[in-house]
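Notes follow the structure.
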Amino acid sequence: MEGQKLLFESGNELAAYAAKQINYHVMGYYPITPSTQIAEFLDQMKADGTHQISLVPAEGEHSAAGICYGASVGGGRVFNATSANGLLYALEQLPVQSGTRFPMVMNVACRTVSGPLSIKGDHSDIMYALNTGWIILFASEPQAVYDFNLCALKIAEKVKLPVIVAFDGFFTSHQKRRCYVFEQDETVRRFLGEYRPEYTALDLEHPVTIGSYMNEPDIMNNKYQLHIAMEQAREECIKVFEEFAVLSGRNYAPAQGYRTEDAEAVLFLLGSAYETAKVAVDLLREQGKKVGVCTANILRPFPAQELYECMKNAKTIMVGDRQDSYGAGGGNMSIEIGAMLQKQGSEARLLSRVYGLGGRDFYVEDAQQMLETCLESKAPQFDYLTVYEGESDLKSTQYFNVITEQEATPGITKCTFHPEQARFEVTGARVSDTCAMPKRLAPGHGACPGCGIPVNLNLLLRGIEGNVVMLFHTGCGMVVTTAYPKTSFRVPYVHNLFQNGAATLSGLVEMFRQKQRRGEYPEGEITFIMVSGDGGMDIGMGSAIGTALRGSNFILFEYDNGGYMNTGYQLSYSTPKGAKSATSHVGKYQYGKQFFHKDSPQIMAATGIPYVATVAESNPVDFIKKAAKAKGYANEYGMAYLKALSACPLNWGDKPSTERSVISAGVDCCYFPLYEVENGKTVINYNPERSNKKIPAVDWLGMMGRTKHLVHEEYAHIVQSIQEEIDRRWERLKARHESELL
């Protein structure tokens, strides 16, 4: 055996450690809980100079999968990590990679698929990948996460197929265990050997076309070859496991059982629940009950024969599924094991139980209950474990009084459109007067002290009179206000995922208009508002642009807190250059985020929508007037877009009591200038130069812990580049302001 050392690490940490030892060429990634830590750990190691992997932050999981595919066809070693809806968003790309036979490794920290939104662990995501042509290994403990990551790449390159290493989100991904890793990275690289692809897109002397258009019979042959490769993987997995056992002393098989040799009842479980069930088996064995438990280390290719060997003596087999294939009478593992038993001619009784959805804990007592049910002569073939009955006569409770249209229209702002100037004029909107507006967002929410989201939402809604319907992307704003079964909103509210909020709200707006046209809904006006933030205008930018081009009638409001805050602050495309985050660490070889923040107001202005504006809590009257204008445009002329600089003390590294001054400094240094683009004409609403308030960018950067390191002399060149870019954007903005056309 090669030299090894003992670590106390989680599954995510060990996945990152394995990737570091392999020293992949490229990792394309997008943060999603609970797999995000893998990229975070790799970024920290990159800052420390312990690997050379190029970590490419995508704007969504679909693009991350595309980055990985593109890197794979270049003939190098490629890595990724994702979870839940991130896997589903990337799903379209998975058959592309397997169908063109390019190896890579992707870790999936398994998590509940939304909706409703839940970030806890079950297996509802990984089962979607069963038919993608990827080999799937499933680790039941952190040690196996490390080991399988090393074996996965060797298997992938042997059979020219990509491999998923799956494990339980939060259970295996976050729980620390004592684990062994190889002392020397070179040991891992010798085990893997050199990767020599047969063809690549970078071989100019032997040009090939990758991903050709195919008709029958070629596509039939292509899929048959994929089938052959998957069958070859059965043998290669065993060979690689055996080779790894010699190197490490740890043995793995496609399937494994615990005390199943003479068991009359066998329980099948995937992942971490297998380890829990082993304890239950021992307890029941002490009572003289012949029970056992088994699991699969490989899901694709499915280890049917190996599993049958574990189960063949049992009279009753129960399959525990941490997901449900709705309407099929069991989850995917129940279906596949049932098919396997039928092919083998087994007369064993098969029971199916769905358990642990949404991360519900699985205890030894649960495993005991499942095994004891197997020993009963009469038991339902299919059931859910540990669900509770709802109250059939329960009536929904309305915690707030309804806000009437009259109450929401106190007449404190007047918005008049002047056709000759192609502009709205707003009068009123004094801050003291707007206190008369009823609060659509109630005081009860779970936001952090100093969070800018409720501050900005309340300022926005002070300027919007009348009926309101809101849609939120996933993000902090959504999570802290809608914890089931209660809500902080006194108006109708819808949630959808980051990448599809704008399209979803456009569908709701269209339904409202159609119902009014057909006389199925009362006459009157509703202002529809979509709220985005926490990087939502990265992954959601495509949907937002498409909806803007269609001219959907609603306000898109972005609270820009400069990061993916709801997943623990990873870099967003709106994060300032040089800022440290969980995926842009500061170290000997890295100074924080490597590129400039995205100018999303200018991107949205380029779509030609009638109104785009920036707002800040430091200038409340300007904020409220622009909200009123946005309502006017959204209800009459098309989409309006507002963007607010929104504080996040927790991740900005400052104090809640100072956030107003930090926001003000962000405006005064022109990092976040206040302006509007109304029917194509740019107007600067606040010019700090004219009032002698303009400050250097470094003064603002030095107010926040995330950028405070930039004040040191060693980063002077970074600060200079930031200042130059801010100045360039400011000068261009002034030129537009002065132009008759722009």
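Identifiers in this document derive from the order of the structure tokens: chains are assigned A, B, ..., residues are numbered from 1 separately in each chain, and ligands are numbered from 1 in order of occurrence.
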Polymer residues at most 7 Å from Leu351 (chain A), only C-alpha atoms, same-chain spacing of 3 or more positions, as a PDB file with C-alpha atoms, in the first residue's frame:
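What landed in result_33.pdb:
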```pdb
ATOM      1  CA  ILE A 317     -37.121  -7.647   0.374  1.00  0.00           C
ATOM      2  CA  MET A 318     -37.947  -4.048   1.197  1.00  0.00           C
ATOM      3  CA  VAL A 319     -36.562  -1.271  -0.983  1.00  0.00           C
ATOM      4  CA  GLN A 381     -46.722  -3.352  -0.852  1.00  0.00           C
ATOM      5  CA  PHE A 382     -46.130   0.429  -1.071  1.00  0.00           C
TER       6      PHE A 382
END
```
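Residues in contact range of Cys476 (chain A), defined as at most 6 Å between only C-alpha atoms, with sequence neighbours fewer than 3 positions away removed, read Val479, Val480 and Asn566 of chain A.
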Please produce an output containing N, CA and C atoms for each residue in the selection, written as a short mmCIF file (atom, residue, chain, number, x, y, z; two decimals), in the first residue's frame.
```cif
data_model
loop_
_atom_site.label_atom_id
_atom_site.label_comp_id
_atom_site.auth_asym_id
_atom_site.auth_seq_id
_atom_site.Cartn_x
_atom_site.Cartn_y
_atom_site.Cartn_z
N VAL A 479 -36.28 33.41 0.83
CA VAL A 479 -36.13 32.45 1.92
C VAL A 479 -36.54 33.05 3.26
N VAL A 480 -36.19 34.31 3.50
CA VAL A 480 -36.43 34.90 4.83
C VAL A 480 -37.85 35.40 5.03
N ASN A 566 -27.48 33.90 -0.67
CA ASN A 566 -28.32 32.87 -0.07
C ASN A 566 -27.61 31.51 0.00
#
```
Record the distance separating CA of Ala429 (chain A) and CA of Thr413 (chain A), expressed in Å with one decimal.
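That distance, rounded to one decimal, is 5.1 Å.
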From the options A:Gly121, A:Gly60, A:Gly66, A:Pro303, which residue's atoms come nearest to Ile135 (chain A), counting only C-alpha atoms?
A:Pro303
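Nearest-residue note for Gly99 (chain A): choosing from A:Ser212, A:Asn222, A:Thr276, A:Thr50, the minimum distance belongs to A:Asn222, counting only C-alpha atoms.
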Please provide as a ChimeraX atom specification all residues within 12 Å of Tyr399 (chain A), with the sequence filter that same-chain residues fewer than 5 positions apart are discarded (counting only C-alpha atoms).
/A:442,444,485-491
Residue among A:Tyr213, A:Tyr484, A:Tyr589, A:Tyr641 lying closest to Tyr559 (chain A), counting only C-alpha atoms:
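Residue with the minimum atom-to-atom distance to Tyr559 (chain A): A:Tyr641.
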Which residue out of A:Glu231, A:Ala634, A:Asp538, A:Glu194 has the minimum interatomic distance to Leu556 (chain A) when only C-alpha atoms are used?
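Counting only C-alpha atoms, the residue closest to Leu556 (chain A) is A:Ala634.
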Can you pull out the residues contacting region 140-149 of chain A? Cut-off 9 Å, using only C-alpha atoms, and skip same-chain residues under 4 positions away; I want them as a VMD selection string.
chain A and resid 9 to 19 105 to 107 153 164 to 168 171 to 181 241 244 248 250 252 270 to 275 295 297
What is the distance, in Å and to one decimal place, between CA of Tyr355 (chain A) and CA of Lys120 (chain A)?
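Atom-to-atom, CA of Tyr355 (chain A) and CA of Lys120 (chain A) are spaced 13.3 Å apart.
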Which neighbours of region 198-210 of chain A fall inside 8 Å, counting only C-alpha atoms, when residues of the same chain fewer than 2 positions from it are skipped, and could you give them as a ChimeraX atom specification?
/A:73-75,100,196,212
